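Chemist: Just passing along the structure, written as C-alpha cells.
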Amino acid sequence: MVKYTIAVLPGDGIGSEIVPPAVNILKKIGIKYDIAFEFKEALIGGAALDAVGVPLPEDTLKVCHQSDAVLLGAIGGPKWDTLPTHLRPEVGALLPLRKDLALYANIRPVILYPELVSASTLKEEVVSGTDLVVIRELTGGLYFGEKKREKTATGERAVDTLVYTTEEIERIARLAFETARGRRKKLTSVDKANVLESGRLWRETLSRLAAAYPDVELEHMYVDNCAMQLVRAPKQFDVIVTENTFGDILTDQASMISGSIGMLPSASIGGQVGLYEPSHGSAPDIAGQDKANPLATILSAAMMLEYSFKQVQAAEDIKQAVASVLNKGYRTGDLVQEGKMVVGTQEMGNLVAGEIV
Ligand SMILES: NC(=O)c1ccc[n+]([C@@H]2O[C@H](COP(=O)([O-])OP(=O)(O)OC[C@H]3O[C@@H](n4cnc5c(N)ncnc54)[C@H](O)[C@@H]3O)[C@@H](O)[C@H]2O)c1
Ligand SMILES: CC(C)[C@H](C(=O)O)[C@@H](O)C(=O)O
Ligand SMILES: [Mg+2]
C-alpha cells in the first residue's frame, strides 16, 4: 500500500468549510485505490495569528516540508487587514510559504463543465467548450521585488519592484511549452513588453526558447489585450503563461468563464512538495454560512492526486464525480441557474463523495 502524508491548512473564512469536504473525498479515494493518506492539520493566516501570534508558524512550515503535499483553504480577512504588512496573512504567510516550498509555477485550469454553460455571465456561444490553462509565475515579479515606503515633504512614497531574471523566466516558460506540447500545442505568452523592461526580457526569453519547441505555436500578447480577449473569445486560448501579478488578475477574470470563482482550482508546483488550493480567497462575505462552493478545493485535491502522486485515474474519478453531481442538477448559490437545486457547502461535498464508489 502506498502512503502519503498531506499537510492540511484550512486557514481563514470559508477555508474551514471547504477543506473538510476535500479531505473526506481524499479519504474515499484512499479506500478505493488502497492509498494510505495521513492528514496533518496545521495553522496558517489569521487563524495562526490569533492562536500563536504569527501568520506562518515554524511548526506549520515543518509539517509542510515533512509532508508529500499541502492542501490549503484560504487565508486573510478584514480582521487582519490593518496589521503591519509582515504580519498580514497574505504577505506574512501565503507568499513566504510559496517561496519557502520553491513553488514557482501556479497552474490554474479554466474548464467549463457543459452543465454550467448557462451559469457563466458570458454568452453560451462565447464560453461553451472553453478549455484553457493559465500558468502563472509564482515566486517572482512584483510580489517579491524590493518594497519600500518612505516619508516625503508632502506625504509618502511607496515602491514595489517588478524583477525577473532570465533563469526565472526560462523555467516557467519551459513548463508552459511542455504543457502546451501535451495539449493543443498553442502557447500564449502574456506580458507588457511595450512598457516594462521585465516584459521585454520575458518576451525575448520566450521567443528564444521557442526554437526548442517547433511543434508548439507561440504567440505574444499584451496583458491588456489578453484581458479583453479572454471575455471576447476565450476558446482561442490553450495555454497562457504570464507574470505573477498578471496571472493573479487574469485568472479571477477567467474564472467567470467556468461559471464561478468557486470552480477554479490550482496547483502550485516546482519544489519537492506541491501546494493545492482554490484560486479564490477566504470570502468573508459568506463565511460561516455553509454557502461556499467547495468544488474548487475538491478539484484542487484532484490536481494533487495527478501532479504530486501520479494517481491519474483517481484524479479522473473526482472530476467525474463533480460532473455527475452537476449533471444531477445540484448547485451551490454562486452557480445560479434556473430550475437547479441549491445546496450548501457540506451537502455539495457529501454529494461528490457519494459518487466515489
Ligand atoms: N489564496 C488565498 O488564500 C486567497 C486568494 C484570494 C484572496 N485572499 C484573501 O481573501 C480575502 C477576501 O478577498 P476577496 O473578497 O477579494 O476575494 P474572494 O475570492 O475571497 O471573494 C470574492 C467574491 O467571490 C466569492 N467567492 C469566493 N470564493 C467562493 C466560493 N468558493 N464559493 C462561492 N463564492 C465564492 C466571495 O463570496 C466574494 O463575493 C482577502 O483577505 C484576500 O487577501 C486569499
Ligand atoms: C491572497 C493573495 C496573496 C493571493 C495572490 O495574489 O497570489 C491570491 O489572490 C491568489 O490568487 O492566490
Ligand atoms: Mg488571486
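All residue names refer to the C-alpha cells as shown: chains lettered A, B, ... in order, residues numbered from 1 in each chain, ligands numbered from 1 in order.
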8 Å from ligand 3 is the threshold here; counting only C-alpha atoms and all ligand atoms, which polymer residues fall inside it? Answer as a list in words.
Modeler: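 Checked against 8 Å with only C-alpha atoms and all ligand atoms; the hits are Asp248, Ile249, Thr251, Asp252, Ser279, His280 and Gly281 of chain A.
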Chemist: Give me a file of those residues, with C-alpha atoms, as a PDB file, in the first residue's frame.
Modeler:
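Full text of again_10.pdb as output:
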ATOM      1  CA  ASP A 248      -3.445  36.606 -10.434  1.00  0.00           C
ATOM      2  CA  ILE A 249      -5.741  39.115 -12.096  1.00  0.00           C
ATOM      3  CA  THR A 251      -7.363  34.032 -13.520  1.00  0.00           C
ATOM      4  CA  ASP A 252     -10.001  35.720 -11.362  1.00  0.00           C
ATOM      5  CA  SER A 279      -7.859  30.173  -6.725  1.00  0.00           C
ATOM      6  CA  HIS A 280     -10.315  32.193  -4.670  1.00  0.00           C
ATOM      7  CA  GLY A 281      -9.917  33.766  -1.257  1.00  0.00           C
TER       8      GLY A 281
END
Chemist: Find the residues near ligand 1. Use a cut-off of 7 Å, count only C-alpha atoms and all ligand atoms, and write them as a PyMOL selection string.
Modeler: chain A and resi 73-78+81+90+94+261-262+277-286+291-294+296+333-334
Chemist: Take the selection from the previous step and output its residues with N, CA and C atoms, as a compact mmCIF listing (two decimals), in the first residue's frame.
Modeler:
# COMPACT_ATOMS: atom_id res chain seq x y z
N GLY A 73 -6.85 25.94 2.31
CA GLY A 73 -8.16 26.54 2.06
C GLY A 73 -7.98 27.95 1.52
N ALA A 74 -7.94 28.90 2.42
CA ALA A 74 -7.71 30.29 2.02
C ALA A 74 -7.26 31.05 3.26
N ILE A 75 -6.65 32.19 3.05
CA ILE A 75 -6.19 32.99 4.20
C ILE A 75 -6.67 34.44 4.03
N GLY A 76 -6.66 35.15 5.15
CA GLY A 76 -6.95 36.58 5.12
C GLY A 76 -8.38 36.92 5.50
N GLY A 77 -8.58 38.20 5.75
CA GLY A 77 -9.90 38.69 6.12
C GLY A 77 -9.79 40.04 6.80
N PRO A 78 -10.93 40.74 6.90
CA PRO A 78 -10.92 42.12 7.42
C PRO A 78 -10.27 42.26 8.79
N ASP A 81 -6.58 42.92 8.25
CA ASP A 81 -6.19 43.80 7.14
C ASP A 81 -5.36 45.01 7.56
N GLU A 90 -1.60 37.45 3.95
CA GLU A 90 -1.17 37.32 2.55
C GLU A 90 0.35 37.41 2.45
N LEU A 94 1.11 33.39 3.15
CA LEU A 94 0.95 32.67 1.88
C LEU A 94 2.16 32.86 0.96
N ILE A 261 -15.91 31.74 -9.53
CA ILE A 261 -14.57 31.60 -8.96
C ILE A 261 -14.51 30.34 -8.08
N GLY A 262 -15.67 29.91 -7.63
CA GLY A 262 -15.74 28.70 -6.81
C GLY A 262 -15.50 27.42 -7.59
N GLU A 277 -4.59 24.56 -3.76
CA GLU A 277 -5.55 25.48 -3.13
C GLU A 277 -6.50 26.01 -4.20
N PRO A 278 -7.72 26.36 -3.78
CA PRO A 278 -8.60 27.00 -4.76
C PRO A 278 -8.01 28.36 -5.14
N SER A 279 -8.43 28.89 -6.29
CA SER A 279 -7.86 30.17 -6.73
C SER A 279 -8.49 31.35 -6.00
N HIS A 280 -9.63 31.09 -5.35
CA HIS A 280 -10.31 32.19 -4.67
C HIS A 280 -9.78 32.41 -3.26
N GLY A 281 -10.37 33.43 -2.60
CA GLY A 281 -9.92 33.77 -1.26
C GLY A 281 -10.85 33.25 -0.17
N SER A 282 -10.79 33.90 0.98
CA SER A 282 -11.49 33.41 2.16
C SER A 282 -12.96 33.86 2.21
N ALA A 283 -13.39 34.61 1.21
CA ALA A 283 -14.80 35.02 1.04
C ALA A 283 -15.47 35.41 2.36
N PRO A 284 -14.98 36.46 3.03
CA PRO A 284 -15.54 36.83 4.33
C PRO A 284 -17.04 37.11 4.27
N ASP A 285 -17.51 37.55 3.11
CA ASP A 285 -18.94 37.90 2.99
C ASP A 285 -19.88 36.71 3.14
N ILE A 286 -19.37 35.49 2.89
CA ILE A 286 -20.26 34.32 3.03
C ILE A 286 -19.72 33.30 4.05
N LYS A 291 -22.38 28.39 2.63
CA LYS A 291 -22.78 28.81 1.28
C LYS A 291 -21.67 28.61 0.25
N ALA A 292 -20.44 28.46 0.73
CA ALA A 292 -19.30 28.45 -0.19
C ALA A 292 -19.31 27.22 -1.09
N ASN A 293 -18.87 27.41 -2.30
CA ASN A 293 -18.73 26.31 -3.25
C ASN A 293 -17.42 25.56 -2.93
N PRO A 294 -17.50 24.28 -2.57
CA PRO A 294 -16.27 23.55 -2.23
C PRO A 294 -15.59 22.92 -3.45
N ALA A 296 -13.93 24.03 -6.12
CA ALA A 296 -12.56 24.44 -6.49
C ALA A 296 -11.53 23.73 -5.60
N GLY A 333 -24.88 28.23 -4.19
CA GLY A 333 -25.54 29.50 -4.51
C GLY A 333 -24.81 30.39 -5.50
N ASP A 334 -23.50 30.19 -5.68
CA ASP A 334 -22.74 31.02 -6.61
C ASP A 334 -23.02 30.65 -8.07
Chemist: Quick one: residues within 7 Å of Asp34 (chain A), only C-alpha atoms counted, chain neighbours fewer than 3 positions away excluded, as a short mmCIF file (atom, residue, chain, number, x, y, z; two decimals) with N, CA and C atoms, in the first residue's frame?
Modeler:
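Listed below is the output, around00.cif:
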data_model
loop_
_atom_site.label_atom_id
_atom_site.label_comp_id
_atom_site.auth_asym_id
_atom_site.auth_seq_id
_atom_site.Cartn_x
_atom_site.Cartn_y
_atom_site.Cartn_z
N MET A 1 0.84 -1.20 0.00
CA MET A 1 0.00 0.00 0.00
C MET A 1 0.88 1.26 0.00
N GLY A 30 -8.70 7.11 -1.04
CA GLY A 30 -7.70 6.25 -0.38
C GLY A 30 -8.22 4.83 -0.24
N ILE A 31 -9.48 4.72 0.18
CA ILE A 31 -10.08 3.38 0.37
C ILE A 31 -10.18 2.68 -1.00
#
Chemist: Based on DSSP run over this structure's backbone, return all residues of region 289-354 of chain A in strand (DSSP E or B), as a list in words.
Modeler: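 The strand (DSSP E or B) subset of region 289-354 of chain A is Tyr330, Arg331, Met341 and Val342 of chain A.
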Chemist: Restricting it to C-alpha atoms, dump the selection as a short mmCIF file (atom, residue, chain, number, x, y, z; two decimals), in the first residue's frame.
Modeler:
data_model
loop_
_atom_site.label_atom_id
_atom_site.label_comp_id
_atom_site.auth_asym_id
_atom_site.auth_seq_id
_atom_site.Cartn_x
_atom_site.Cartn_y
_atom_site.Cartn_z
CA TYR A 330 -27.12 20.31 -7.71
CA ARG A 331 -25.56 23.77 -7.37
CA MET A 341 -31.32 22.56 -6.68
CA VAL A 342 -29.33 24.85 -4.41
#
Chemist: Using only C-alpha atoms, pick whichever of A:Ile25, A:Val223, A:Gly140, A:Thr161 has the shortest atom-to-atom distance to Val322 (chain A).
Modeler: A:Ile25
Chemist: Among region 8-76 of chain A, which ones does DSSP assign to helix (DSSP H, G or I) (computed from the backbone)? Answer as a ChimeraX atom specification.
Modeler: /A:15-33,46-52,58-65
Chemist: For the residues in that selection, give me C-alpha atoms as a PDB file, in the first residue's frame.
Modeler:
ATOM      1  CA  GLY A  15     -11.271  27.817   4.467  1.00  0.00           C
ATOM      2  CA  SER A  16     -12.537  25.701   7.358  1.00  0.00           C
ATOM      3  CA  GLU A  17     -15.736  24.919   5.399  1.00  0.00           C
ATOM      4  CA  ILE A  18     -14.265  23.986   2.004  1.00  0.00           C
ATOM      5  CA  VAL A  19     -11.282  21.920   3.172  1.00  0.00           C
ATOM      6  CA  PRO A  20     -13.119  19.158   5.140  1.00  0.00           C
ATOM      7  CA  PRO A  21     -15.183  18.038   2.093  1.00  0.00           C
ATOM      8  CA  ALA A  22     -11.958  17.743   0.048  1.00  0.00           C
ATOM      9  CA  VAL A  23     -10.271  15.744   2.838  1.00  0.00           C
ATOM     10  CA  ASN A  24     -13.312  13.487   3.079  1.00  0.00           C
ATOM     11  CA  ILE A  25     -13.165  12.815  -0.665  1.00  0.00           C
ATOM     12  CA  LEU A  26      -9.445  12.037  -0.485  1.00  0.00           C
ATOM     13  CA  LYS A  27     -10.249   9.533   2.277  1.00  0.00           C
ATOM     14  CA  LYS A  28     -12.735   7.800  -0.004  1.00  0.00           C
ATOM     15  CA  ILE A  29     -10.191   7.788  -2.822  1.00  0.00           C
ATOM     16  CA  GLY A  30      -7.697   6.251  -0.380  1.00  0.00           C
ATOM     17  CA  ILE A  31     -10.079   3.383   0.366  1.00  0.00           C
ATOM     18  CA  LYS A  32     -10.883   2.812  -3.302  1.00  0.00           C
ATOM     19  CA  TYR A  33      -7.273   2.886  -4.533  1.00  0.00           C
ATOM     20  CA  GLY A  46      -5.316  34.851  10.616  1.00  0.00           C
ATOM     21  CA  ALA A  47      -6.132  31.618  12.437  1.00  0.00           C
ATOM     22  CA  ALA A  48      -2.433  31.231  13.270  1.00  0.00           C
ATOM     23  CA  LEU A  49      -2.087  34.902  14.241  1.00  0.00           C
ATOM     24  CA  ASP A  50      -4.974  34.583  16.663  1.00  0.00           C
ATOM     25  CA  ALA A  51      -3.689  31.328  18.147  1.00  0.00           C
ATOM     26  CA  VAL A  52       0.077  31.830  18.307  1.00  0.00           C
ATOM     27  CA  GLU A  58       7.589  27.362  12.268  1.00  0.00           C
ATOM     28  CA  ASP A  59       5.594  24.248  13.155  1.00  0.00           C
ATOM     29  CA  THR A  60       3.407  24.740  10.073  1.00  0.00           C
ATOM     30  CA  LEU A  61       6.421  25.083   7.798  1.00  0.00           C
ATOM     31  CA  LYS A  62       7.884  21.937   9.334  1.00  0.00           C
ATOM     32  CA  VAL A  63       4.661  19.970   8.809  1.00  0.00           C
ATOM     33  CA  CYS A  64       4.556  21.143   5.156  1.00  0.00           C
ATOM     34  CA  HIS A  65       8.180  20.186   4.490  1.00  0.00           C
TER      35      HIS A  65
END
Chemist: Which residues are near region 166-173 of chain A? Cut-off 9 Å, only C-alpha atoms, ignore same chain within fewer than 2 positions. Put them as an MDAnalysis selection string.
Modeler: chainID A and resid 104:105 135:137 139:140 164 175:178 189 201:202 205:206 209 241:243
Chemist: Report, in Å with one decimal, the straight-line distance from CA of Ala302 (chain A) to CA of Val352 (chain A).
Modeler: 12.2 Å
Chemist: With a distance cut-off of 10 Å and only C-alpha atoms, select the neighbouring residues of Ser128 (chain A), excluding the residue or stretch itself and same-chain residues fewer than 5 positions from it, and output the selection as a list in words.
Modeler: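 These residues fall inside the cut-off: Ile111, Leu112, Tyr113, Pro114, Glu115, Leu116, Val117, Ser118, Ser120, Leu122, Lys123, Pro234, Lys235, Ile257 and Ser258 of chain A.
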Chemist: Restricting the calculation to only C-alpha atoms and all ligand atoms, which member of A:Tyr213, A:Phe237, A:Phe37, A:Phe246 is positioned closest to ligand 2?
Modeler: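 Among the listed residues, A:Phe246 lies closest to ligand 2.
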Chemist: Measuring atom to atom with only C-alpha atoms, identify which of A:Val54, A:Asn244, A:Glu156, A:Val110 is nearest to Leu142 (chain A).
Modeler: A:Asn244
Chemist: Could you jot down the CA of Asn194 (chain A) to CA of Val159 (chain A) separation for me, Å, one decimal place?
Modeler: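 Separating CA of Asn194 (chain A) from CA of Val159 (chain A) is a distance of 21.2 Å.
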Chemist: Can you tell me which residues surround Ser300 (chain A) at a distance of at most 6 Å, considering only C-alpha atoms, apart from same-chain residues fewer than 2 positions away, and format the answer as an mmCIF file with N, CA and C atoms, in the first residue's frame?
Modeler:
data_model
loop_
_atom_site.group_PDB
_atom_site.id
_atom_site.type_symbol
_atom_site.label_atom_id
_atom_site.label_comp_id
_atom_site.auth_asym_id
_atom_site.auth_seq_id
_atom_site.Cartn_x
_atom_site.Cartn_y
_atom_site.Cartn_z
ATOM 1 N N PRO A 265 -9.734 25.599 -9.564
ATOM 2 C CA PRO A 265 -8.727 25.012 -8.675
ATOM 3 C C PRO A 265 -7.334 25.539 -8.995
ATOM 4 N N SER A 266 -6.348 25.134 -8.225
ATOM 5 C CA SER A 266 -4.972 25.452 -8.612
ATOM 6 C C SER A 266 -3.988 24.467 -8.003
ATOM 7 N N TYR A 276 -1.770 22.788 -3.020
ATOM 8 C CA TYR A 276 -3.021 22.748 -3.779
ATOM 9 C C TYR A 276 -4.058 23.593 -3.055
ATOM 10 N N GLU A 277 -4.590 24.559 -3.759
ATOM 11 C CA GLU A 277 -5.551 25.477 -3.132
ATOM 12 C C GLU A 277 -6.501 26.010 -4.195
ATOM 13 N N THR A 297 -11.885 23.563 -4.329
ATOM 14 C CA THR A 297 -10.956 22.888 -3.412
ATOM 15 C C THR A 297 -10.921 21.387 -3.705
ATOM 16 N N ILE A 298 -12.098 20.825 -3.973
ATOM 17 C CA ILE A 298 -12.173 19.395 -4.303
ATOM 18 C C ILE A 298 -11.384 19.119 -5.593
ATOM 19 N N ALA A 302 -7.968 16.916 -6.588
ATOM 20 C CA ALA A 302 -7.765 16.065 -7.779
ATOM 21 C C ALA A 302 -6.429 16.397 -8.443
ATOM 22 N N MET A 303 -6.105 17.687 -8.485
ATOM 23 C CA MET A 303 -4.812 18.079 -9.073
ATOM 24 C C MET A 303 -3.655 17.532 -8.237
#
Chemist: Do you know which residues are at most 7 Å from Phe39 (chain A) counting only C-alpha atoms, after dropping those on the same chain fewer than 4 positions away, and could you put them as a list in words?
Modeler: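 Surrounding residues, per the criterion: Thr5, Ile6, Ala7 and Val8 of chain A.
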Chemist: So, counting only C-alpha atoms and all ligand atoms, which residue among A:Ala314, A:Ile14, A:Ala267, A:Leu162 is closest to ligand 2?
Modeler: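 Counting only C-alpha atoms and all ligand atoms, the residue closest to ligand 2 is A:Ala267.
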Chemist: Between CA of Gly13 (chain A) and CA of Gly92 (chain A), measure the distance and give it in Å to one decimal.
Modeler: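 Taking CA of Gly13 (chain A) and CA of Gly92 (chain A), their separation equals 16.9 Å.
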